[in-house]
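Heads up, target.pdb below (PDB, C-alpha atoms):
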ATOM      1  CA  MET Q   1      20.150 259.220  51.942
ATOM      2  CA  CYS Q   2      19.250 261.984  49.469
ATOM      3  CA  ILE Q   3      15.737 263.320  49.137
ATOM      4  CA  ARG Q   4      15.261 261.590  45.781
ATOM      5  CA  ASP Q   5      16.179 258.187  47.221
ATOM      6  CA  ARG Q   6      13.906 258.755  50.218
ATOM      7  CA  VAL Q   7      10.935 259.602  47.955
ATOM      8  CA  SER Q   8      11.691 256.589  45.764
ATOM      9  CA  THR Q   9      11.774 254.290  48.805
ATOM     10  CA  GLN Q  10       8.479 255.651  50.114
ATOM     11  CA  SER Q  11       6.889 255.278  46.687
ATOM     12  CA  THR Q  12       8.065 251.666  46.438
ATOM     13  CA  TRP Q  13       6.812 250.925  49.947
ATOM     14  CA  GLY Q  14       3.436 252.488  49.076
ATOM     15  CA  ARG Q  15       3.086 250.373  45.926
ATOM     16  CA  ASN Q  16       3.990 247.219  47.828
ATOM     17  CA  PHE Q  17       1.494 248.067  50.578
ATOM     18  CA  TYR Q  18      -1.367 248.624  48.154
ATOM     19  CA  SER Q  19      -0.450 245.514  46.190
ATOM     20  CA  GLU Q  20      -0.554 243.427  49.355
ATOM     21  CA  MET Q  21      -3.879 245.003  50.381
ATOM     22  CA  LEU Q  22      -5.365 244.241  46.971
ATOM     23  CA  GLY Q  23      -4.102 240.683  47.285
ATOM     24  CA  TYR Q  24      -5.757 240.241  50.684
ATOM     25  CA  ILE Q  25      -9.014 241.758  49.406
ATOM     26  CA  ALA Q  26      -8.948 239.414  46.418
ATOM     27  CA  LEU Q  27      -8.407 236.423  48.725
ATOM     28  CA  VAL Q  28     -11.560 237.396  50.590
ATOM     29  CA  LEU Q  29     -13.702 238.521  47.651
ATOM     30  CA  ILE Q  30     -13.036 235.677  45.218
ATOM     31  CA  PRO Q  31     -14.401 232.928  47.521
ATOM     32  CA  LEU Q  32     -17.356 235.151  48.450
ATOM     33  CA  ILE Q  33     -18.173 235.813  44.800
ATOM     34  CA  ALA Q  34     -17.799 232.114  43.972
ATOM     35  CA  PHE Q  35     -20.071 231.190  46.884
ATOM     36  CA  GLY Q  36     -22.607 233.827  45.846
ATOM     37  CA  LEU Q  37     -22.675 232.616  42.246
ATOM     38  CA  ARG Q  38     -23.101 229.034  43.363
ATOM     39  CA  TRP Q  39     -25.956 230.030  45.669
ATOM     40  CA  PHE Q  40     -27.628 232.031  42.890
ATOM     41  CA  MET Q  41     -27.287 229.174  40.390
ATOM     42  CA  GLN Q  42     -28.213 226.400  42.843
ATOM     43  CA  PRO Q  43     -31.642 225.601  41.309
ATOM     44  CA  TYR Q  44     -30.012 225.244  37.886
ATOM     45  CA  LEU Q  45     -27.204 223.075  39.278
ATOM     46  CA  ASN Q  46     -29.731 220.859  41.064
ATOM     47  CA  TRP Q  47     -31.706 220.470  37.838
ATOM     48  CA  ARG Q  48     -28.572 219.574  35.871
ATOM     49  CA  LYS Q  49     -27.624 217.016  38.506
ATOM     50  CA  GLN Q  50     -31.074 215.460  38.360
ATOM     51  CA  ARG Q  51     -31.004 215.336  34.560
ATOM     52  CA  ALA Q  52     -27.553 213.742  34.607
ATOM     53  CA  GLY Q  53     -28.722 210.872  36.826
ATOM     54  CA  THR Q  54     -28.290 207.468  35.232
ATOM     55  CA  LYS Q  55     -31.884 206.480  36.004
ATOM     56  CA  PRO Q  56     -34.857 207.991  37.838
ATOM     57  CA  GLU Q  57     -35.591 207.066  41.431
ATOM     58  CA  VAL Q  58     -37.939 204.127  41.948
ATOM     59  CA  LEU Q  59     -40.909 205.559  43.801
ATOM     60  CA  GLU Q  60     -43.076 203.511  46.120
ATOM     61  CA  CYS Q  61     -46.805 203.613  46.701
ATOM     62  CA  ILE Q  62     -48.421 202.736  50.033
ATOM     63  CA  THR Q  63     -52.127 201.956  50.281
ATOM     64  CA  LYS Q  64     -54.288 200.121  52.799
ATOM     65  CA  SER Q  65     -53.451 196.945  50.829
ATOM     66  CA  GLY Q  66     -49.711 197.301  51.360
ATOM     67  CA  ARG Q  67     -46.589 198.662  49.718
ATOM     68  CA  THR Q  68     -45.587 198.397  46.062
ATOM     69  CA  THR Q  69     -43.871 200.545  43.429
ATOM     70  CA  MET Q  70     -45.811 203.292  41.700
ATOM     71  CA  LYS Q  71     -45.154 201.599  38.363
ATOM     72  CA  GLU Q  72     -46.693 198.343  39.598
ATOM     73  CA  HIS Q  73     -49.604 200.163  41.208
ATOM     74  CA  LEU Q  74     -50.470 202.019  38.008
ATOM     75  CA  ALA Q  75     -50.035 198.837  35.939
ATOM     76  CA  LYS Q  76     -52.740 197.178  38.045
ATOM     77  CA  ASN Q  77     -55.148 200.007  37.135
ATOM     78  CA  PRO Q  78     -54.440 200.756  33.449
ATOM     79  CA  GLY Q  79     -56.651 203.470  32.040
ATOM     80  CA  LYS Q  80     -58.328 204.021  35.395
ATOM     81  CA  LYS Q  81     -60.323 207.230  35.384
ATOM     82  CA  THR Q  82     -61.611 209.320  38.218
ATOM     83  CA  HIS Q  83     -63.099 212.785  38.258
ATOM     84  CA  LEU Q  84     -60.876 214.478  40.845
ATOM     85  CA  SER Q  85     -57.386 213.816  42.159
ATOM     86  CA  LEU Q  86     -56.221 215.561  45.318
ATOM     87  CA  VAL Q  87     -52.453 216.038  45.416
ATOM     88  CA  ILE Q  88     -51.294 216.809  48.950
ATOM     89  CA  PRO Q  89     -47.575 217.589  49.460
ATOM     90  CA  ALA Q  90     -46.574 216.907  53.057
ATOM     91  CA  PHE Q  91     -43.415 217.416  55.093
ATOM     92  CA  ASN Q  92     -43.565 216.598  58.818
ATOM     93  CA  GLU Q  93     -47.337 217.105  58.873
ATOM     94  CA  GLU Q  94     -48.432 214.400  61.326
ATOM     95  CA  GLU Q  95     -50.077 216.986  63.585
ATOM     96  CA  ARG Q  96     -51.983 218.877  60.865
ATOM     97  CA  ILE Q  97     -52.800 216.509  58.015
ATOM     98  CA  GLY Q  98     -55.582 214.752  59.898
ATOM     99  CA  VAL Q  99     -57.614 217.963  60.225
ATOM    100  CA  MET Q 100     -57.249 218.683  56.526
ATOM    101  CA  LEU Q 101     -58.196 215.133  55.441
ATOM    102  CA  THR Q 102     -61.195 215.118  57.751
ATOM    103  CA  GLU Q 103     -62.569 218.327  56.248
ATOM    104  CA  ALA Q 104     -61.845 217.168  52.683
ATOM    105  CA  LEU Q 105     -63.495 213.762  53.102
ATOM    106  CA  ASP Q 106     -66.517 215.154  54.927
ATOM    107  CA  TYR Q 107     -67.084 217.261  51.816
ATOM    108  CA  LEU Q 108     -66.188 214.651  49.187
ATOM    109  CA  LEU Q 109     -68.375 211.908  50.669
ATOM    110  CA  ASN Q 110     -71.377 214.080  49.845
ATOM    111  CA  GLN Q 111     -70.420 214.483  46.178
ATOM    112  CA  LYS Q 112     -71.561 212.258  43.312
ATOM    113  CA  TYR Q 113     -68.227 212.218  41.476
ATOM    114  CA  THR Q 114     -65.296 209.857  42.020
ATOM    115  CA  TYR Q 115     -62.033 210.966  43.575
ATOM    116  CA  GLU Q 116     -58.616 209.829  44.753
ATOM    117  CA  LEU Q 117     -56.264 211.242  47.393
ATOM    118  CA  ILE Q 118     -52.515 211.260  46.796
ATOM    119  CA  VAL Q 119     -50.353 212.264  49.758
ATOM    120  CA  VAL Q 120     -46.738 212.842  48.715
ATOM    121  CA  ASN Q 121     -44.559 212.484  51.807
ATOM    122  CA  ASP Q 122     -41.511 214.664  51.147
ATOM    123  CA  CYS Q 123     -39.059 212.584  53.216
ATOM    124  CA  SER Q 124     -40.696 213.475  56.541
ATOM    125  CA  ARG Q 125     -39.062 212.531  59.820
ATOM    126  CA  ASP Q 126     -42.329 212.027  61.672
ATOM    127  CA  LYS Q 127     -45.425 209.828  61.256
ATOM    128  CA  THR Q 128     -47.020 211.706  58.365
ATOM    129  CA  THR Q 129     -47.491 208.496  56.365
ATOM    130  CA  GLU Q 130     -49.096 206.608  59.245
ATOM    131  CA  GLU Q 131     -51.461 209.491  60.010
ATOM    132  CA  ALA Q 132     -52.534 209.779  56.368
ATOM    133  CA  LEU Q 133     -53.171 206.044  55.980
ATOM    134  CA  LYS Q 134     -55.638 206.136  58.874
ATOM    135  CA  PHE Q 135     -58.029 207.812  56.415
ATOM    136  CA  ALA Q 136     -57.981 204.915  53.919
ATOM    137  CA  LYS Q 137     -61.094 203.854  55.814
ATOM    138  CA  TYR Q 138     -63.292 206.790  56.857
ATOM    139  CA  LYS Q 139     -66.741 206.629  58.439
ATOM    140  CA  GLY Q 140     -67.213 203.121  57.087
ATOM    141  CA  ASN Q 141     -66.167 204.066  53.549
ATOM    142  CA  ASP Q 142     -63.181 202.717  51.643
ATOM    143  CA  ILE Q 143     -61.198 205.704  50.425
ATOM    144  CA  ASP Q 144     -58.975 205.639  47.344
ATOM    145  CA  LEU Q 145     -55.960 206.998  49.210
ATOM    146  CA  LYS Q 146     -52.319 206.399  48.498
ATOM    147  CA  VAL Q 147     -49.109 207.742  50.021
ATOM    148  CA  ILE Q 148     -45.998 208.218  47.889
ATOM    149  CA  PRO Q 149     -42.953 208.455  50.196
ATOM    150  CA  LEU Q 150     -40.048 210.275  48.562
ATOM    151  CA  PRO Q 151     -36.583 208.856  49.344
ATOM    152  CA  ARG Q 152     -35.090 212.367  49.537
ATOM    153  CA  ASN Q 153     -36.509 215.786  50.283
ATOM    154  CA  ARG Q 154     -37.370 217.469  46.994
ATOM    155  CA  GLY Q 155     -39.267 220.518  48.200
ATOM    156  CA  LYS Q 156     -42.927 221.333  47.791
ATOM    157  CA  GLY Q 157     -42.706 221.757  44.015
ATOM    158  CA  GLY Q 158     -40.968 218.416  43.593
ATOM    159  CA  ALA Q 159     -43.582 216.695  45.750
ATOM    160  CA  VAL Q 160     -46.466 218.271  43.822
ATOM    161  CA  ARG Q 161     -44.830 217.242  40.540
ATOM    162  CA  VAL Q 162     -44.698 213.572  41.588
ATOM    163  CA  GLY Q 163     -48.312 213.613  42.748
ATOM    164  CA  ALA Q 164     -49.601 215.414  39.658
ATOM    165  CA  LEU Q 165     -47.863 213.023  37.271
ATOM    166  CA  ALA Q 166     -49.247 210.044  39.210
ATOM    167  CA  ALA Q 167     -52.779 211.474  39.300
ATOM    168  CA  GLN Q 168     -55.463 209.878  37.113
ATOM    169  CA  GLY Q 169     -58.255 212.381  37.649
ATOM    170  CA  ASP Q 170     -59.836 214.518  34.963
ATOM    171  CA  TYR Q 171     -59.065 217.404  37.313
ATOM    172  CA  ILE Q 172     -56.203 217.711  39.757
ATOM    173  CA  LEU Q 173     -56.393 219.822  42.895
ATOM    174  CA  MET Q 174     -53.165 220.834  44.601
ATOM    175  CA  VAL Q 175     -54.008 221.404  48.249
ATOM    176  CA  ASP Q 176     -51.766 222.118  51.241
ATOM    177  CA  ALA Q 177     -51.699 219.613  54.095
ATOM    178  CA  ASP Q 178     -52.267 222.259  56.772
ATOM    179  CA  GLY Q 179     -55.943 222.773  55.930
ATOM    180  CA  ALA Q 180     -55.556 226.561  55.782
ATOM    181  CA  THR Q 181     -58.044 226.909  52.908
ATOM    182  CA  ARG Q 182     -61.687 225.962  53.425
ATOM    183  CA  PHE Q 183     -62.070 222.833  51.314
ATOM    184  CA  SER Q 184     -65.624 223.500  50.175
ATOM    185  CA  ASP Q 185     -64.261 226.485  48.237
ATOM    186  CA  ILE Q 186     -63.420 223.938  45.566
ATOM    187  CA  GLU Q 187     -66.952 224.589  44.296
ATOM    188  CA  GLY Q 188     -65.897 228.074  43.211
ATOM    189  CA  LEU Q 189     -62.813 226.662  41.486
ATOM    190  CA  PHE Q 190     -64.890 224.097  39.576
ATOM    191  CA  LYS Q 191     -67.372 226.783  38.525
ATOM    192  CA  ALA Q 192     -64.587 229.014  37.204
ATOM    193  CA  MET Q 193     -62.971 226.044  35.447
ATOM    194  CA  LYS Q 194     -66.228 225.191  33.693
ATOM    195  CA  GLU Q 195     -66.476 228.771  32.444
ATOM    196  CA  SER Q 196     -62.872 229.100  31.278
ATOM    197  CA  GLU Q 197     -61.560 225.656  30.245
ATOM    198  CA  ARG Q 198     -60.590 225.503  26.579
ATOM    199  CA  ASP Q 199     -59.288 222.541  24.555
ATOM    200  CA  GLY Q 200     -58.674 220.577  27.754
ATOM    201  CA  LEU Q 201     -56.524 223.363  29.219
ATOM    202  CA  GLY Q 202     -57.240 225.377  32.334
ATOM    203  CA  ILE Q 203     -55.902 226.567  35.686
ATOM    204  CA  VAL Q 204     -57.953 228.064  38.499
ATOM    205  CA  ALA Q 205     -55.992 229.451  41.432
ATOM    206  CA  GLY Q 206     -57.404 230.128  44.857
ATOM    207  CA  SER Q 207     -56.630 233.688  45.914
ATOM    208  CA  ARG Q 208     -56.341 235.310  49.327
ATOM    209  CA  LYS Q 209     -56.008 238.774  47.807
ATOM    210  CA  LEU Q 210     -59.221 239.294  45.880
ATOM    211  CA  GLY Q 211     -61.745 241.712  47.346
ATOM    212  CA  ASP Q 212     -64.215 239.068  48.528
ATOM    213  CA  ALA Q 213     -61.636 236.691  50.013
ATOM    214  CA  ASP Q 214     -62.096 235.966  53.730
ATOM    215  CA  VAL Q 215     -58.586 235.908  55.140
ATOM    216  CA  GLU Q 216     -57.417 235.686  58.718
ATOM    217  CA  LEU Q 217     -53.745 236.679  58.707
ATOM    218  CA  ARG Q 218     -51.508 238.341  61.244
ATOM    219  CA  ARG Q 219     -48.967 240.318  59.206
ATOM    220  CA  THR Q 220     -46.016 242.216  60.621
ATOM    221  CA  LEU Q 221     -44.578 245.302  58.938
ATOM    222  CA  ILE Q 222     -41.672 243.259  57.551
ATOM    223  CA  ARG Q 223     -44.133 240.737  56.071
ATOM    224  CA  LYS Q 224     -46.058 243.543  54.372
ATOM    225  CA  PHE Q 225     -42.841 244.969  52.906
ATOM    226  CA  ILE Q 226     -41.715 241.530  51.728
ATOM    227  CA  GLY Q 227     -45.118 241.001  50.133
ATOM    228  CA  LEU Q 228     -44.830 244.239  48.146
ATOM    229  CA  VAL Q 229     -41.342 243.352  46.878
ATOM    230  CA  PHE Q 230     -42.483 239.815  46.097
ATOM    231  CA  ASN Q 231     -45.485 240.958  44.027
ATOM    232  CA  LEU Q 232     -43.375 243.498  42.154
ATOM    233  CA  VAL Q 233     -40.816 240.867  41.134
ATOM    234  CA  VAL Q 234     -43.492 238.345  40.112
ATOM    235  CA  SER Q 235     -45.366 240.860  37.994
ATOM    236  CA  VAL Q 236     -42.526 242.865  36.424
ATOM    237  CA  ILE Q 237     -39.741 240.285  36.126
ATOM    238  CA  CYS Q 238     -41.715 237.078  35.597
ATOM    239  CA  GLY Q 239     -44.698 238.511  33.724
ATOM    240  CA  VAL Q 240     -47.251 236.714  35.929
ATOM    241  CA  LYS Q 241     -50.164 239.081  36.581
ATOM    242  CA  LEU Q 242     -52.088 237.158  39.240
ATOM    243  CA  LYS Q 243     -52.710 238.797  42.604
ATOM    244  CA  ASP Q 244     -51.807 235.642  44.560
ATOM    245  CA  THR Q 245     -49.503 233.033  43.047
ATOM    246  CA  GLN Q 246     -48.621 231.277  46.317
ATOM    247  CA  CYS Q 247     -51.964 230.087  47.680
ATOM    248  CA  GLY Q 248     -51.778 226.296  48.025
ATOM    249  CA  PHE Q 249     -55.188 225.636  46.478
ATOM    250  CA  LYS Q 250     -55.031 225.288  42.694
ATOM    251  CA  LEU Q 251     -57.139 223.308  40.234
ATOM    252  CA  PHE Q 252     -55.741 222.007  36.924
ATOM    253  CA  THR Q 253     -57.170 219.998  34.089
ATOM    254  CA  ASN Q 254     -55.330 216.713  33.693
ATOM    255  CA  LYS Q 255     -53.874 217.822  30.357
ATOM    256  CA  THR Q 256     -52.583 221.064  31.842
ATOM    257  CA  ALA Q 257     -51.001 219.352  34.843
ATOM    258  CA  LYS Q 258     -49.145 216.822  32.692
ATOM    259  CA  LEU Q 259     -47.792 219.547  30.380
ATOM    260  CA  ILE Q 260     -46.648 221.787  33.229
ATOM    261  CA  PHE Q 261     -45.225 219.293  35.695
ATOM    262  CA  ARG Q 262     -43.222 217.338  33.115
ATOM    263  CA  THR Q 263     -41.389 220.583  32.328
ATOM    264  CA  LEU Q 264     -41.239 222.254  35.756
ATOM    265  CA  HIS Q 265     -37.642 223.016  36.785
ATOM    266  CA  LEU Q 266     -38.055 224.652  40.202
ATOM    267  CA  GLU Q 267     -38.850 222.251  43.022
ATOM    268  CA  ARG Q 268     -39.052 224.516  46.048
ATOM    269  CA  TRP Q 269     -41.217 227.437  47.149
ATOM    270  CA  ALA Q 270     -40.980 229.457  43.918
ATOM    271  CA  PHE Q 271     -42.345 226.653  41.724
ATOM    272  CA  ASP Q 272     -45.849 228.226  41.667
ATOM    273  CA  VAL Q 273     -44.623 231.147  39.578
ATOM    274  CA  GLU Q 274     -42.860 228.921  37.056
ATOM    275  CA  LEU Q 275     -45.973 226.807  36.569
ATOM    276  CA  PHE Q 276     -47.853 229.961  35.516
ATOM    277  CA  ILE Q 277     -44.972 230.903  33.183
ATOM    278  CA  ILE Q 278     -45.270 227.484  31.518
ATOM    279  CA  GLY Q 279     -49.053 227.762  31.467
ATOM    280  CA  ASN Q 280     -48.810 231.135  29.704
ATOM    281  CA  HIS Q 281     -46.614 229.554  27.031
ATOM    282  CA  TYR Q 282     -49.459 227.153  26.173
ATOM    283  CA  ASN Q 283     -52.049 229.967  26.321
ATOM    284  CA  THR Q 284     -53.717 228.178  29.198
ATOM    285  CA  PRO Q 285     -56.877 229.933  30.417
ATOM    286  CA  THR Q 286     -56.111 231.048  33.964
ATOM    287  CA  ARG Q 287     -58.530 232.373  36.546
ATOM    288  CA  GLU Q 288     -58.355 233.458  40.175
ATOM    289  CA  VAL Q 289     -61.124 232.739  42.683
ATOM    290  CA  ALA Q 290     -61.398 234.150  46.181
ATOM    291  CA  VAL Q 291     -61.093 231.582  48.967
ATOM    292  CA  ASN Q 292     -61.530 231.494  52.716
ATOM    293  CA  TRP Q 293     -58.123 231.137  54.322
ATOM    294  CA  HIS Q 294     -56.784 231.211  57.862
ATOM    295  CA  GLU Q 295     -53.269 230.976  59.228
ATOM    296  CA  VAL Q 296     -52.484 227.602  60.811
ATOM    297  CA  GLU Q 297     -49.823 227.257  63.478
ATOM    298  CA  GLY Q 298     -46.981 224.819  62.929
ATOM    299  CA  SER Q 299     -45.636 226.130  59.624
ATOM    300  CA  LYS Q 300     -42.075 225.014  58.763
ATOM    301  CA  LEU Q 301     -41.545 228.149  56.651
ATOM    302  CA  ASN Q 302     -39.076 230.868  57.642
ATOM    303  CA  VAL Q 303     -40.724 233.831  55.904
ATOM    304  CA  VAL Q 304     -37.630 236.017  55.470
ATOM    305  CA  SER Q 305     -35.220 233.329  54.225
ATOM    306  CA  ALA Q 306     -37.888 231.702  52.042
ATOM    307  CA  THR Q 307     -38.742 235.052  50.430
ATOM    308  CA  ILE Q 308     -35.078 235.796  49.674
ATOM    309  CA  THR Q 309     -34.742 232.343  48.122
ATOM    310  CA  MET Q 310     -37.942 232.765  46.105
ATOM    311  CA  ILE Q 311     -36.920 236.153  44.724
ATOM    312  CA  ARG Q 312     -33.587 234.612  43.704
ATOM    313  CA  ASP Q 313     -35.468 231.806  41.958
ATOM    314  CA  PHE Q 314     -37.791 234.245  40.171
ATOM    315  CA  LEU Q 315     -34.850 236.205  38.772
ATOM    316  CA  LEU Q 316     -32.995 233.039  37.859
ATOM    317  CA  VAL Q 317     -35.897 231.294  36.146
ATOM    318  CA  ARG Q 318     -36.474 234.373  33.983
ATOM    319  CA  LEU Q 319     -32.791 234.588  32.997
ATOM    320  CA  LEU Q 320     -32.517 230.857  32.280
ATOM    321  CA  TYR Q 321     -35.522 230.945  29.964
ATOM    322  CA  ILE Q 322     -34.235 234.085  28.216
ATOM    323  CA  PHE Q 323     -30.803 232.518  27.585
ATOM    324  CA  LYS Q 324     -32.358 229.148  26.598
ATOM    325  CA  LEU Q 325     -30.604 227.219  29.362
ATOM    326  CA  TRP Q 326     -34.103 226.136  30.359
ATOM    327  CA  ASN Q 327     -36.746 225.420  27.739
ATOM    328  CA  ILE Q 328     -40.431 224.609  27.717
ATOM    329  CA  THR Q 329     -39.549 221.347  25.961
ATOM    330  CA  ASP Q 330     -37.392 220.115  28.864
ATOM    331  CA  THR Q 331     -38.709 217.059  30.688
ATOM    332  CA  VAL Q 332     -37.815 215.377  33.953
ATOM    333  CA  SER Q 333     -38.021 211.587  34.171
ATOM    334  CA  VAL Q 334     -40.250 210.027  36.803
ATOM    335  CA  SER Q 335     -40.141 206.268  37.278
ATOM    336  CA  PHE Q 336     -43.767 205.445  36.526
TER     337      PHE Q 336
END
Before anything else, please render the file you have as structure tokens.
Amino acid sequence: MCIRDRVSTQSTWGRNFYSEMLGYIALVLIPLIAFGLRWFMQPYLNWRKQRAGTKPEVLECITKSGRTTMKEHLAKNPGKKTHLSLVIPAFNEEERIGVMLTEALDYLLNQKYTYELIVVNDCSRDKTTEEALKFAKYKGNDIDLKVIPLPRNRGKGGAVRVGALAAQGDYILMVDADGATRFSDIEGLFKAMKESERDGLGIVAGSRKLGDADVELRRTLIRKFIGLVFNLVVSVICGVKLKDTQCGFKLFTNKTAKLIFRTLHLERWAFDVELFIIGNHYNTPTREVAVNWHEVEGSKLNVVSATITMIRDFLLVRLLYIFKLWNITDTVSVSF
């Protein structure tokens, strides 16, 4: 074989080798890219799927009187008004919800205003519903308490949405079932609401990051780093300037809650940030108030994976609003 033929053969072999390598790389990369895009777009895909449903889920309501549908329950109390609605999202909280309800009712029984408690059971696998219903009668008092069991797990945001849209109070307090925030701090939220509410609109968020907040929290170095990244994304990307968007102790006027939760797209941990984005659109007066907060054992949250998911959701929600795939005028049907 002459030198020219040998060089030509080697060149052909080299091209074939690189072509095969590129083919193998493509076989690996294309599925990974497709998987990554699907993961990134998952909240949008879930929302589209929910919107495409032929009819909304029929939601039930359980009280001390028995079980009925939410639509029937509300029809029995048309135009019912109460001063405060507590919306309590709960997932596998049988061991913690009793402590929270005890503290809340010990406080509320000493107030002159009316109130209702709405526990939204996010498809728990334990006895969360049974534990909550024990408080329908408390220290000899009949308590306006209802449990809404969701037929599928929606996430905290989805559970809060259902409770807020079912609430009949002039003011609606979103409060976590773990009892991490001292309930009597609601007084500070009401005071701030009275000072800032305008045209029936207002949000007051409990904050663990203001200077006078009393917070008991054991934070590792990785948690501190995640917190810095989290706050940077929320402030710069999403345009939400609060120090603490994630504290599960927020007070809304009824009008504000109905506007926000009929539009809300995100149903899992990042929903708090979107609700402030929607609130900003309506020029809703928003305040932060320091609260007393302590870490409660038994959390179902994996901090690292939840933070990665939330940052993804923050980026996605911003992009979807920019490109008009999500709009403030969007609504989600609820069957009541």
Centre and edges of the segment 97-107 of chain Q box, axis-aligned, 5 Å extra per side, as AutoDock Vina command-line options:
--center_x -59.9 --center_y 216.2 --center_z 56.0 --size_x 24.3 --size_y 14.9 --size_z 18.4
Check your understanding: Counting only C-alpha atoms, which residues come within 12 Å of (-51.0, 204.6, 46.6), with the point read in the file's coordinates, and could you list them as number ranges by chain?
Key -> Q: 59-74, 76-77, 87, 116-121, 129, 132-133, 136, 143-149, 163, 166-168
Exercise for review: Counting only C-alpha atoms, figure out which residue out of Q:Thr245, Q:Thr263, Q:Asn292, Q:Thr102 gets nearest to Asp185 of chain Q.
Suggested key: Q:Asn292
**Study point:** Best match for closeness to Ala205 of chain Q among Q:Leu315, Q:Val229, Q:Ala177, Q:Leu242, counting all atoms listed in the file
**Key:** Q:Leu242
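Among the candidates Q:Asp313, Q:Glu93, Q:Asp330, Q:Asp142, the residue lying nearest to Asp176 of chain Q is Q:Glu93 (atoms considered: all atoms listed in the file).
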Exercise for review: Go ahead and compute the interatomic distance for atom CA of Gly202 of chain Q and atom CA of Phe261 of chain Q, in Å to one decimal.
Suggested key: 13.9 Å
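Rounded to one decimal, atom CA of Leu108 of chain Q and atom CA of Lys191 of chain Q lie 16.2 Å from each other.
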Resolved residues for the PyMOL selection byres ((chain Q and resi 326) around 10) as a PDB file with C-alpha atoms, in the coordinates of the input:
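The resulting file, result.pdb, is reproduced below:
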ATOM      1  CA  TYR Q  44     -30.012 225.244  37.886  1.00  0.00           C
ATOM      2  CA  TRP Q  47     -31.706 220.470  37.838  1.00  0.00           C
ATOM      3  CA  THR Q 263     -41.389 220.583  32.328  1.00  0.00           C
ATOM      4  CA  LEU Q 264     -41.239 222.254  35.756  1.00  0.00           C
ATOM      5  CA  HIS Q 265     -37.642 223.016  36.785  1.00  0.00           C
ATOM      6  CA  VAL Q 317     -35.897 231.294  36.146  1.00  0.00           C
ATOM      7  CA  ARG Q 318     -36.474 234.373  33.983  1.00  0.00           C
ATOM      8  CA  LEU Q 319     -32.791 234.588  32.997  1.00  0.00           C
ATOM      9  CA  LEU Q 320     -32.517 230.857  32.280  1.00  0.00           C
ATOM     10  CA  TYR Q 321     -35.522 230.945  29.964  1.00  0.00           C
ATOM     11  CA  ILE Q 322     -34.235 234.085  28.216  1.00  0.00           C
ATOM     12  CA  PHE Q 323     -30.803 232.518  27.585  1.00  0.00           C
ATOM     13  CA  LYS Q 324     -32.358 229.148  26.598  1.00  0.00           C
ATOM     14  CA  LEU Q 325     -30.604 227.219  29.362  1.00  0.00           C
ATOM     15  CA  ASN Q 327     -36.746 225.420  27.739  1.00  0.00           C
ATOM     16  CA  ILE Q 328     -40.431 224.609  27.717  1.00  0.00           C
ATOM     17  CA  THR Q 329     -39.549 221.347  25.961  1.00  0.00           C
ATOM     18  CA  ASP Q 330     -37.392 220.115  28.864  1.00  0.00           C
TER      19      ASP Q 330
END
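Near segment 246-249 of chain Q, within a cut-off of 6 Å and counting all atoms listed in the file, sit the residues Met174, Val175, Asp176 and Gly206 of chain Q, with same-chain residues fewer than 6 positions away left out.
Closest approach to Arg161 of chain Q among Q:Lys241, Q:Lys258, Q:Arg182, Q:Lys250: Q:Lys258, based on all atoms listed in the file.
Distances here use all atoms listed in the file; by that measure, the residue among Q:Glu57, Q:Glu20, Q:Asp122, Q:Glu288 closest to Val160 of chain Q is Q:Asp122.
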Determine the residue set returned by the PyMOL selection byres ((chain Q and resi 259) around 12) for the present structure, and present it as an mmCIF file with C-alpha atoms, in the frame of the given file.
data_model
loop_
_atom_site.group_PDB
_atom_site.id
_atom_site.type_symbol
_atom_site.label_atom_id
_atom_site.label_comp_id
_atom_site.auth_asym_id
_atom_site.auth_seq_id
_atom_site.Cartn_x
_atom_site.Cartn_y
_atom_site.Cartn_z
ATOM 1 C CA ARG Q 161 -44.830 217.242 40.540
ATOM 2 C CA ALA Q 164 -49.601 215.414 39.658
ATOM 3 C CA LEU Q 165 -47.863 213.023 37.271
ATOM 4 C CA GLY Q 200 -58.674 220.577 27.754
ATOM 5 C CA LEU Q 201 -56.524 223.363 29.219
ATOM 6 C CA GLY Q 202 -57.240 225.377 32.334
ATOM 7 C CA ILE Q 203 -55.902 226.567 35.686
ATOM 8 C CA PHE Q 252 -55.741 222.007 36.924
ATOM 9 C CA THR Q 253 -57.170 219.998 34.089
ATOM 10 C CA ASN Q 254 -55.330 216.713 33.693
ATOM 11 C CA LYS Q 255 -53.874 217.822 30.357
ATOM 12 C CA THR Q 256 -52.583 221.064 31.842
ATOM 13 C CA ALA Q 257 -51.001 219.352 34.843
ATOM 14 C CA LYS Q 258 -49.145 216.822 32.692
ATOM 15 C CA ILE Q 260 -46.648 221.787 33.229
ATOM 16 C CA PHE Q 261 -45.225 219.293 35.695
ATOM 17 C CA ARG Q 262 -43.222 217.338 33.115
ATOM 18 C CA THR Q 263 -41.389 220.583 32.328
ATOM 19 C CA LEU Q 264 -41.239 222.254 35.756
ATOM 20 C CA LEU Q 275 -45.973 226.807 36.569
ATOM 21 C CA PHE Q 276 -47.853 229.961 35.516
ATOM 22 C CA ILE Q 278 -45.270 227.484 31.518
ATOM 23 C CA GLY Q 279 -49.053 227.762 31.467
ATOM 24 C CA ASN Q 280 -48.810 231.135 29.704
ATOM 25 C CA HIS Q 281 -46.614 229.554 27.031
ATOM 26 C CA TYR Q 282 -49.459 227.153 26.173
ATOM 27 C CA ASN Q 283 -52.049 229.967 26.321
ATOM 28 C CA THR Q 284 -53.717 228.178 29.198
ATOM 29 C CA ILE Q 328 -40.431 224.609 27.717
ATOM 30 C CA THR Q 329 -39.549 221.347 25.961
ATOM 31 C CA ASP Q 330 -37.392 220.115 28.864
ATOM 32 C CA THR Q 331 -38.709 217.059 30.688
ATOM 33 C CA VAL Q 332 -37.815 215.377 33.953
#
